[in-house]
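Scroll down for the structure; my scribbles are underneath it.
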There are 2 protein chains.
Amino acid sequence: MIGYFEDIAVGDRCELGSFTFTAEGIKKFAGQFDPQRFHLDEEEGRKSLFGGLTASGWHVASACIRVMVDDGQRRAEQARLRGEPAPSWGPSAGFRALRWIKPVLAGDTIAYASEVVTRRESKSRPEWGILQVRNTGTNQRGELAISFLSTVFVPRRPTA
Amino acid sequence: MIGYFEDIAVGDRCELGSFTFTAEGIKKFAGQFDPQRFHLDEEEGRKSLFGGLTASGWHVASACIRVMVDDGQRRAEQARLRGEPAPSWGPSAGFRALRWIKPVLAGDTIAYASEVVTRRESKSRPEWGILQVRNTGTNQRGELAISFLSTVFVPRRPTA
């Protein structure tokens with residue numbers, strides 16, 4: 001998402017894009033960062049409580065950031081082509097309430113979205129507004145797989 | 001960390017291990033999951049507010065899981081060699097209050113640790129206890145770089 005604070009309302013929702021978790025991708029991430037057996041081997045995944053080769057929860061979160069960054073770069077490029085300003089949002093200082101609700105299995109495609117939950121002006125930094133955004137990932141069966149909240153600094157529209 | 005609920009006390013702390021963020025590793029993770037310019041290019045990093053090539057926050061979090069999994073496997077193997085039970089903890093359903101406090105730059109080594117913050121029995125699942133654990137990552141200058149809280153299910157000692 002991009003845009004000035006003044007143009008953003010509570011409830012605004014943005015479809016960020018989708019990410020498909022292949023068996024190869026799941027194993028590659030797990031081999032680097034989360035080498036638990038149900039993330040590394042199909043048979044071990046089937047025997048686990050997940051019932052199949054399962055993506056690391058951190059892989060599912062990292063893929064959300066990937067589609068979020070891609071979405072922002074795409075919107076910035078579209079704005080540039082229209083000759084409009086493309087104010088990019090500030091870096092996030094953290095996240096809250098991350099929940100892995102459903103396992104993500106090999107072959108699943110997760111559609112990520114962001115929705116603005118609250119919106120306020122920054123008292124200490126008048127050139128910024130502050131949003132609370134809920135980020136979600138939903139699988140191809142419409143089931144919520146991941147949810148987390150982020151606090152985002154968004155530039156205010158420069159006064160003329 | 002491994003072990004039965006009965007053997008764990010509030011304040012217990014475990015050094016999990018360290019992870020060094022090389023320029024190559026930072027760019028590789030960012031290319032897959034967080035392709036922002038200050039994560040991909042030294043010069044862009046120097047020009048950014050971070051002051052150098054900076055690891056994605058999700059890379060810093062994922063590396064924590066890596067050292068955590070390695071630590072658990074190492075402890076389980078040591079217990080096995082001693083002929084002791086090695087009860088492994090349940091999967092985490094999420095985390096809270098993740099904060100990136102200091103940027104992690106190329107060449108930084110982060111030492112991760114976990115500390116038990118609260119401890120209670122599960123009412124609905126009497127075979128499990130529930131811990132709140134604070135996970136931290138501290139750089140080679142002793143500065144806290146990342147912190148987050150997780151809720152962990154830990155098996156109770158079987159009654160004789």
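Ordering of the structure tokens sets the chain letters (A, B, ...), residue numbers begin anew at 1 in every chain, and ligands are numbered from 1 in the order given.
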Please identify every residue of chain B that has at least one atom no more than 12 Å from any atom of chain A, counting only C-alpha atoms, and report them as number ranges by chain. B: 19, 25, 28-39, 48-50, 56-73, 88, 90-103, 145-151
8 Å contact set for Ala76 in chain A, only C-alpha atoms, chain neighbours under 6 positions out, as a PyMOL selection string: chain A and resi 2+86-88
For CA of Arg46 in chain B and CA of Arg157 in chain A, determine how far apart the two atoms are, in Å to one decimal place. 27.1 Å
I'd like the contact shell of range 118-124 of chain B - 10 Å cut-off, only C-alpha atoms, skipping same-chain residues fewer than 2 positions apart - returned as number ranges by chain. B: 5-6, 8-11, 115-116, 126-134, 151-154, 156
Store the residues picked out above, limited to C-alpha atoms, as a PDB file, in the first residue's frame.
```
ATOM      1  CA  PHE B   5       6.628 -28.304  32.748  1.00  0.00           C
ATOM      2  CA  GLU B   6       7.335 -29.334  36.344  1.00  0.00           C
ATOM      3  CA  ILE B   8      10.671 -25.111  34.532  1.00  0.00           C
ATOM      4  CA  ALA B   9      10.533 -21.948  36.650  1.00  0.00           C
ATOM      5  CA  VAL B  10       9.711 -18.321  35.880  1.00  0.00           C
ATOM      6  CA  GLY B  11      13.001 -16.568  35.153  1.00  0.00           C
ATOM      7  CA  GLU B 115      13.427 -16.451  29.172  1.00  0.00           C
ATOM      8  CA  VAL B 116      10.330 -17.827  30.892  1.00  0.00           C
ATOM      9  CA  PRO B 126      -4.253 -31.387  31.702  1.00  0.00           C
ATOM     10  CA  GLU B 127      -1.307 -33.095  29.976  1.00  0.00           C
ATOM     11  CA  TRP B 128       0.157 -29.682  29.051  1.00  0.00           C
ATOM     12  CA  GLY B 129       1.470 -26.617  30.809  1.00  0.00           C
ATOM     13  CA  ILE B 130       1.575 -23.185  29.197  1.00  0.00           C
ATOM     14  CA  LEU B 131       4.575 -20.859  29.259  1.00  0.00           C
ATOM     15  CA  GLN B 132       4.949 -17.284  28.142  1.00  0.00           C
ATOM     16  CA  VAL B 133       8.501 -16.907  26.865  1.00  0.00           C
ATOM     17  CA  ARG B 134      10.368 -13.740  25.900  1.00  0.00           C
ATOM     18  CA  THR B 151       3.080 -18.840  24.113  1.00  0.00           C
ATOM     19  CA  VAL B 152       4.400 -22.377  24.320  1.00  0.00           C
ATOM     20  CA  PHE B 153       2.701 -25.638  25.289  1.00  0.00           C
ATOM     21  CA  VAL B 154       5.033 -27.831  27.344  1.00  0.00           C
ATOM     22  CA  ARG B 156       3.663 -32.297  31.943  1.00  0.00           C
TER      23      ARG B 156
END
```
B:Leu53, B:Gly17, B:Ala111, B:Arg125 ranked by distance to Gly137 in chain B, top pick (using only C-alpha atoms): B:Ala111
Just to confirm, what's the straight-line distance from CA of Tyr112 in chain B to CA of Arg75 in chain B in Å (one decimal)? 15.9 Å
Nearest to Lys27 in chain B: which of B:Thr54, B:Gly107, B:Thr138, B:Tyr4 is it, counting only C-alpha atoms? B:Thr54
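CA of Gln78 in chain B lies 28.0 Å from CA of Gln140 in chain B.
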Among the residues of range 4-123 of chain B, find those DSSP assigns to helix (DSSP H, G or I) from the backbone and print them as a ChimeraX atom specification. /B:5-7,23-33,37-40,42-47,57-81
Looking only at the backbone, which of the residues in chain A does DSSP tag as strand (DSSP E), as a PyMOL selection string? chain A and resi 13-20+94-100+109-121+128-138+144-155
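The nearest approach to Asp12 in chain B among the residues B:Gly45, B:Ser114, B:Arg74, B:Thr109, with only C-alpha atoms taken into account, belongs to B:Ser114.
Shortest separation to Gly52 in chain B among B:Ser18, B:Ala113, B:Ala79, B:Ile26 occurs at residue B:Ile26, atoms counted being only C-alpha atoms.
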